[in-house]
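K.L.:
So here's model21.tsv (TSV, C-alpha atoms).
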```tsv
chain	number	residue	atom	x	y	z
A	304	SER	CA	14.50	16.72	-29.55
A	305	VAL	CA	11.89	14.01	-30.13
A	306	THR	CA	8.44	15.49	-30.74
A	307	LYS	CA	6.48	12.49	-32.02
A	308	ILE	CA	6.57	8.76	-31.30
A	309	LYS	CA	5.37	7.00	-34.40
A	310	TYR	CA	3.16	3.95	-34.91
A	311	GLU	CA	4.66	0.72	-33.49
A	312	ALA	CA	7.95	2.45	-32.52
A	313	PHE	CA	8.56	0.14	-29.54
A	314	GLN	CA	6.54	-2.84	-30.78
A	315	GLY	CA	7.64	-6.13	-29.27
A	316	CYS	CA	10.25	-4.61	-26.94
A	317	SER	CA	9.90	-7.20	-24.18
A	318	SER	CA	12.67	-5.74	-22.01
A	319	LEU	CA	10.78	-2.43	-21.62
A	320	THR	CA	9.14	-2.30	-18.14
A	321	SER	CA	8.48	1.44	-17.80
A	322	ILE	CA	9.15	4.51	-19.91
A	323	HIS	CA	9.39	8.23	-19.24
A	324	ILE	CA	8.13	10.36	-22.12
A	325	PRO	CA	9.87	13.79	-22.24
A	326	ASP	CA	8.05	17.15	-22.45
A	327	SER	CA	9.20	17.60	-26.05
A	328	VAL	CA	6.86	14.80	-27.23
A	329	THR	CA	3.56	16.29	-28.38
A	330	LYS	CA	2.11	13.30	-30.27
A	331	ILE	CA	2.10	9.57	-29.58
A	332	ASP	CA	0.58	7.36	-32.27
A	333	ASP	CA	-1.50	4.29	-31.45
A	334	SER	CA	0.16	0.87	-31.11
A	335	VAL	CA	3.48	2.46	-30.13
A	336	PHE	CA	3.93	-0.06	-27.33
A	337	SER	CA	2.09	-3.08	-28.78
A	338	ASP	CA	3.38	-6.48	-27.65
A	339	CYS	CA	5.60	-4.94	-24.94
A	340	ASP	CA	4.74	-7.78	-22.58
A	341	ASN	CA	6.58	-6.44	-19.51
A	342	LEU	CA	5.56	-2.77	-19.82
A	343	LYS	CA	3.49	-1.69	-16.81
A	344	GLU	CA	3.66	2.12	-16.65
A	345	ILE	CA	4.20	5.05	-18.96
A	346	PHE	CA	5.28	8.25	-17.20
A	347	ILE	CA	4.32	11.49	-18.91
A	348	ASN	CA	4.52	15.11	-17.78
A	349	VAL	CA	0.96	16.14	-18.63
A	350	PRO	CA	-1.19	19.27	-18.21
A	351	ILE	CA	-3.96	17.87	-16.01
A	352	GLN	CA	-3.90	20.28	-13.08
A	353	GLU	CA	-6.55	22.96	-12.61
A	354	ASP	CA	-4.01	25.80	-12.70
A	355	GLY	CA	-2.67	24.70	-16.08
A	356	GLY	CA	0.46	23.28	-14.50
A	357	LYS	CA	1.90	19.92	-15.37
A	358	MET	CA	2.64	16.88	-13.30
A	359	ILE	CA	4.38	13.58	-13.88
A	360	PHE	CA	1.66	10.98	-14.14
A	361	ALA	CA	1.97	7.20	-14.44
A	362	PHE	CA	-0.41	5.95	-17.12
A	363	VAL	CA	-1.38	2.29	-17.31
A	364	TYR	CA	-0.04	0.28	-20.20
A	365	SER	CA	-2.78	-1.74	-21.82
A	366	GLU	CA	-3.33	-3.35	-25.21
A	367	LYS	CA	-7.06	-2.73	-24.69
A	368	VAL	CA	-6.99	0.99	-23.82
A	369	SER	CA	-4.81	3.39	-25.76
A	370	LEU	CA	-2.62	5.93	-24.03
A	371	SER	CA	-4.41	8.73	-25.91
A	372	LYS	CA	-7.80	7.54	-24.58
A	373	GLN	CA	-6.47	7.57	-21.01
A	374	LEU	CA	-4.99	11.02	-21.46
A	375	ASP	CA	-8.22	12.34	-23.03
A	376	MET	CA	-10.25	11.09	-20.08
A	377	LEU	CA	-8.09	13.05	-17.63
A	378	LYS	CA	-7.82	16.19	-19.77
A	379	THR	CA	-11.56	16.39	-20.52
A	380	LYS	CA	-12.55	15.21	-17.01
A	381	ASN	CA	-15.07	12.90	-18.67
A	382	TYR	CA	-14.70	9.94	-16.32
A	383	SER	CA	-17.71	8.13	-17.76
A	384	ILE	CA	-15.73	7.19	-20.89
A	385	LYS	CA	-16.09	3.46	-21.38
A	386	MET	CA	-12.87	1.47	-21.02
A	387	ASP	CA	-11.51	-1.67	-19.38
A	388	TYR	CA	-12.13	-1.35	-15.61
A	389	ASP	CA	-8.66	-2.55	-14.61
A	390	VAL	CA	-7.19	0.36	-16.55
A	391	LYS	CA	-9.85	2.92	-15.68
A	392	TYR	CA	-9.96	2.29	-11.93
A	393	THR	CA	-6.17	2.10	-11.65
A	394	LEU	CA	-5.92	5.39	-13.53
A	395	LEU	CA	-8.63	7.08	-11.45
A	396	CYS	CA	-7.10	5.83	-8.18
A	397	ARG	CA	-3.71	7.25	-9.18
A	398	TYR	CA	-5.28	10.55	-10.22
A	399	PHE	CA	-7.33	10.79	-7.03
A	400	VAL	CA	-4.16	10.29	-4.98
A	401	LEU	CA	-2.65	13.33	-6.75
A	402	CYS	CA	-5.81	15.47	-6.99
A	403	PRO	CA	-8.31	14.43	-4.30
A	404	GLU	CA	-10.17	17.75	-4.47
A	405	GLN	CA	-10.87	17.69	-8.22
A	406	PRO	CA	-14.72	18.15	-8.30
A	407	GLU	CA	-15.60	16.04	-11.36
A	408	LEU	CA	-13.38	13.20	-10.19
A	409	PHE	CA	-14.86	13.39	-6.69
A	410	ALA	CA	-18.40	13.20	-8.13
A	411	TYR	CA	-17.54	10.21	-10.31
A	412	ILE	CA	-15.86	8.33	-7.46
A	413	LYS	CA	-18.77	9.08	-5.12
A	414	LYS	CA	-21.26	7.74	-7.68
A	415	ASN	CA	-19.18	4.58	-8.31
A	416	PHE	CA	-17.60	4.31	-4.88
A	417	THR	CA	-18.38	0.68	-4.08
A	418	LYS	CA	-16.91	-0.61	-7.36
A	419	ILE	CA	-13.84	1.62	-7.19
A	420	PHE	CA	-13.15	0.99	-3.51
A	421	THR	CA	-13.57	-2.76	-3.93
A	422	PHE	CA	-11.11	-2.56	-6.83
A	423	ALA	CA	-8.64	-0.66	-4.61
A	424	ILE	CA	-8.97	-3.31	-1.87
A	425	GLU	CA	-8.54	-6.21	-4.30
A	426	HIS	CA	-5.47	-4.54	-5.85
A	427	ASN	CA	-4.00	-3.70	-2.43
A	428	ASP	CA	-3.90	0.02	-3.23
A	429	ILE	CA	-2.99	1.15	0.29
A	430	LYS	CA	-2.23	4.71	-0.80
A	431	MET	CA	-5.71	5.18	-2.34
A	432	ILE	CA	-7.43	3.62	0.66
A	433	SER	CA	-5.44	5.83	3.03
A	434	ILE	CA	-6.48	8.97	1.13
A	435	ILE	CA	-10.13	7.88	1.11
A	436	CYS	CA	-10.00	7.30	4.87
A	437	LYS	CA	-8.34	10.68	5.47
A	438	SER	CA	-10.83	12.51	3.25
A	439	GLY	CA	-13.74	11.42	5.44
A	440	LYS	CA	-16.06	11.89	2.46
A	441	PHE	CA	-16.83	8.39	1.19
A	442	LEU	CA	-16.82	5.90	4.05
A	443	THR	CA	-20.01	6.07	6.10
A	444	SER	CA	-21.75	4.04	8.78
A	445	ARG	CA	-23.87	2.58	5.95
A	446	ASN	CA	-20.99	1.24	3.83
A	447	ILE	CA	-17.98	0.73	6.09
A	448	ASP	CA	-18.98	-2.75	7.30
A	449	LYS	CA	-19.31	-4.05	3.76
A	450	HIS	CA	-15.83	-2.73	2.90
A	451	ILE	CA	-14.30	-4.20	6.06
A	452	GLN	CA	-15.81	-7.57	5.13
A	453	THR	CA	-14.32	-7.24	1.61
A	454	ALA	CA	-10.94	-6.42	3.19
A	455	ILE	CA	-11.21	-9.47	5.45
A	456	ALA	CA	-11.84	-11.67	2.41
A	457	HIS	CA	-8.86	-10.02	0.68
A	458	THR	CA	-6.68	-10.66	3.74
A	459	GLN	CA	-7.61	-14.33	3.70
A	460	LYS	CA	-6.48	-14.57	0.04
A	461	ALA	CA	-3.45	-12.27	0.09
A	462	GLY	CA	-2.32	-12.67	3.68
A	463	ASP	CA	-1.73	-8.93	4.19
A	464	PRO	CA	-4.06	-7.46	6.85
A	465	THR	CA	-3.02	-3.81	6.30
A	466	ILE	CA	-6.23	-2.69	4.57
A	467	GLN	CA	-8.45	-4.59	6.99
A	468	LEU	CA	-6.69	-2.89	9.90
A	469	MET	CA	-6.86	0.55	8.26
A	470	LEU	CA	-10.61	0.27	7.72
A	471	THR	CA	-11.27	-1.15	11.19
A	472	GLU	CA	-9.25	1.67	12.75
A	473	HIS	CA	-11.11	4.23	10.61
A	474	LYS	CA	-14.43	2.85	11.78
A	475	TYR	CA	-13.31	2.86	15.41
A	476	LYS	CA	-12.01	6.47	15.29
A	477	HIS	CA	-14.57	8.14	13.04
A	478	ILE	CA	-17.74	6.09	12.97
A	479	GLY	CA	-17.70	3.92	16.08
A	480	PHE	CA	-18.76	0.30	16.43
A	481	LYS	CA	-20.07	-2.30	18.81
A	482	GLU	CA	-18.24	-5.52	19.47
A	483	ILE	CA	-16.36	-6.14	16.23
A	484	LYS	CA	-16.16	-9.90	16.79
A	485	ASP	CA	-19.99	-10.05	16.73
A	486	LYS	CA	-20.15	-8.09	13.46
A	487	PHE	CA	-17.53	-9.86	11.33
A	488	LYS	CA	-16.47	-13.39	10.61
A	489	LEU	CA	-12.77	-13.18	11.42
```
Just give me the structure as structure tokens.
P.N.:
Amino acid sequence: SVTKIKYEAFQGCSSLTSIHIPDSVTKIDDSVFSDCDNLKEIFINVPIQEDGGKMIFAFVYSEKVSLSKQLDMLKTKNYSIKMDYDVKYTLLCRYFVLCPEQPELFAYIKKNFTKIFTFAIEHNDIKMISIICKSGKFLTSRNIDKHIQTAIAHTQKAGDPTIQLMLTEHKYKHIGFKEIKDKFKL
């Protein structure tokens, strides 16, 4: 029966790690989740599909970027809205995973591909990287080597070679390469 979550309703709730907002909620005031130090995701059933349908979407909790600003960006499809890149790129990666054929999102990602893909590598977003590889629309013979090198550097820091292997396999199957040991510092 809740239709509105008022200003600072969950302020300082440190035990809150994620929250599911029901369909009945039509308004969420600013600062609802301020100082919720362990909150990572806010799940909302939102109307962001082309056909007017709704989908459960995990928004990013951030003190810097309000939930309403994130929601507005997806509803208006204005991806050039200025906001903290950690929030924006996480949000766009999650949305792209759900709607890879959305034209405005595709255009924005294509224009900002290097920054977004580097972000996905550094944040170990295997799902996003897998979808990019499967789409065949962003990785080219001109940029794949740079991204493999970024993945190698990430592997050296994080110890997980999954992304490096995915990109190397993508290059082998779809782009082709000469001796990989001559190209990269492994």
K.L.:
Within 7 Å of Val335 (chain A), counting all atoms listed in the file, which residues qualify if same-chain residues fewer than 6 places away don't, as number ranges by chain?
P.N.:
A: 309-314
K.L.:
Quick one: of A:Leu442, A:Ala410, A:Ile429, A:Ile447, who's nearest to Ile466 (chain A), counting all atoms listed in the file?
P.N.:
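Comparing A:Leu442, A:Ala410, A:Ile429, A:Ile447 against Ile466 (chain A), the winner is A:Ile429.
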K.L.:
Quick one: pull the distance between CA of Thr465 (chain A) and CA of Tyr411 (chain A), Å, one decimal.
P.N.:
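A separation of 26.1 Å between them.
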K.L.:
I'd like to know which of A:Ser337, A:Ser321, A:Asn348, A:Thr379 is closest to Glu366 (chain A), using only C-alpha atoms.
P.N.:
A:Ser337
K.L.:
By how many Å are CA of Lys343 (chain A) and CA of Ile424 (chain A) apart?
P.N.:
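According to the coordinates, CA of Lys343 (chain A) and CA of Ile424 (chain A) are separated by 19.5 Å.
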K.L.:
Would you pick out the contacts of Phe399 (chain A) at 10 Å or less, using all atoms listed in the file, so that residues sharing its chain but fewer than 4 positions from it are not included, and give the list as a PyMOL selection string?
P.N.:
chain A and resi 393-395+403-405+408-409+412+431+434-435
K.L.:
Just to confirm, what's the straight-line distance from CA of Lys330 (chain A) to CA of Lys307 (chain A) in Å (one decimal)?
P.N.:
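One can read the CA of Lys330 (chain A) to CA of Lys307 (chain A) distance as 4.8 Å.
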K.L.:
Using all atoms listed in the file for the distances, tell me which of A:Asp375, A:Asp332, A:Glu472, A:Asp387 is nearest to Lys437 (chain A).
P.N.:
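Checking each of A:Asp375, A:Asp332, A:Glu472, A:Asp387 against Lys437 (chain A), counting all atoms listed in the file, the winner is A:Glu472.
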K.L.:
Determine the nearest neighbour of Pro325 (chain A) from the options A:Met386, A:Ala454, A:Cys396, A:Ile359, counting all atoms listed in the file.
P.N.:
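Of A:Met386, A:Ala454, A:Cys396, A:Ile359, the one nearest Pro325 (chain A), counting all atoms listed in the file, is A:Ile359.
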K.L.:
Under the rule that only C-alpha atoms are counted, which of A:Asp448, A:Glu407, A:Asp338, A:Asn427 is the nearest residue to Gly462 (chain A)?
P.N.:
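Result for the nearest residue to Gly462 (chain A): A:Asn427.
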K.L.:
Just want the 9 Å neighbourhood of Arg397 (chain A), counted on only C-alpha atoms, with same-chain residues fewer than 3 positions away dropped. Output as a list in words.
P.N.:
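Here the answer would be Phe360, Ala361, Phe362, Tyr392, Thr393, Leu394, Val400, Leu401, Cys402, Lys430 and Met431 of chain A.
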K.L.:
Within 10 Å of Ser444 (chain A), counting only C-alpha atoms, which residues show up once you throw out same-chain ones fewer than 2 positions away? Write them as a list of chain:residue names, please.
P.N.:
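Counting only the stated atoms, we get A:Leu442, A:Asn446, A:Ile447, A:Asp448, A:Lys449, A:Lys474, A:His477, A:Ile478, A:Gly479, A:Phe480.
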K.L.:
Which one of A:Ile455, A:Pro406, A:Ser304, A:Ser334 sits closest to Thr471 (chain A) if you count all atoms listed in the file?
P.N.:
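With all atoms listed in the file as the atom set, the closest residue is A:Ile455.
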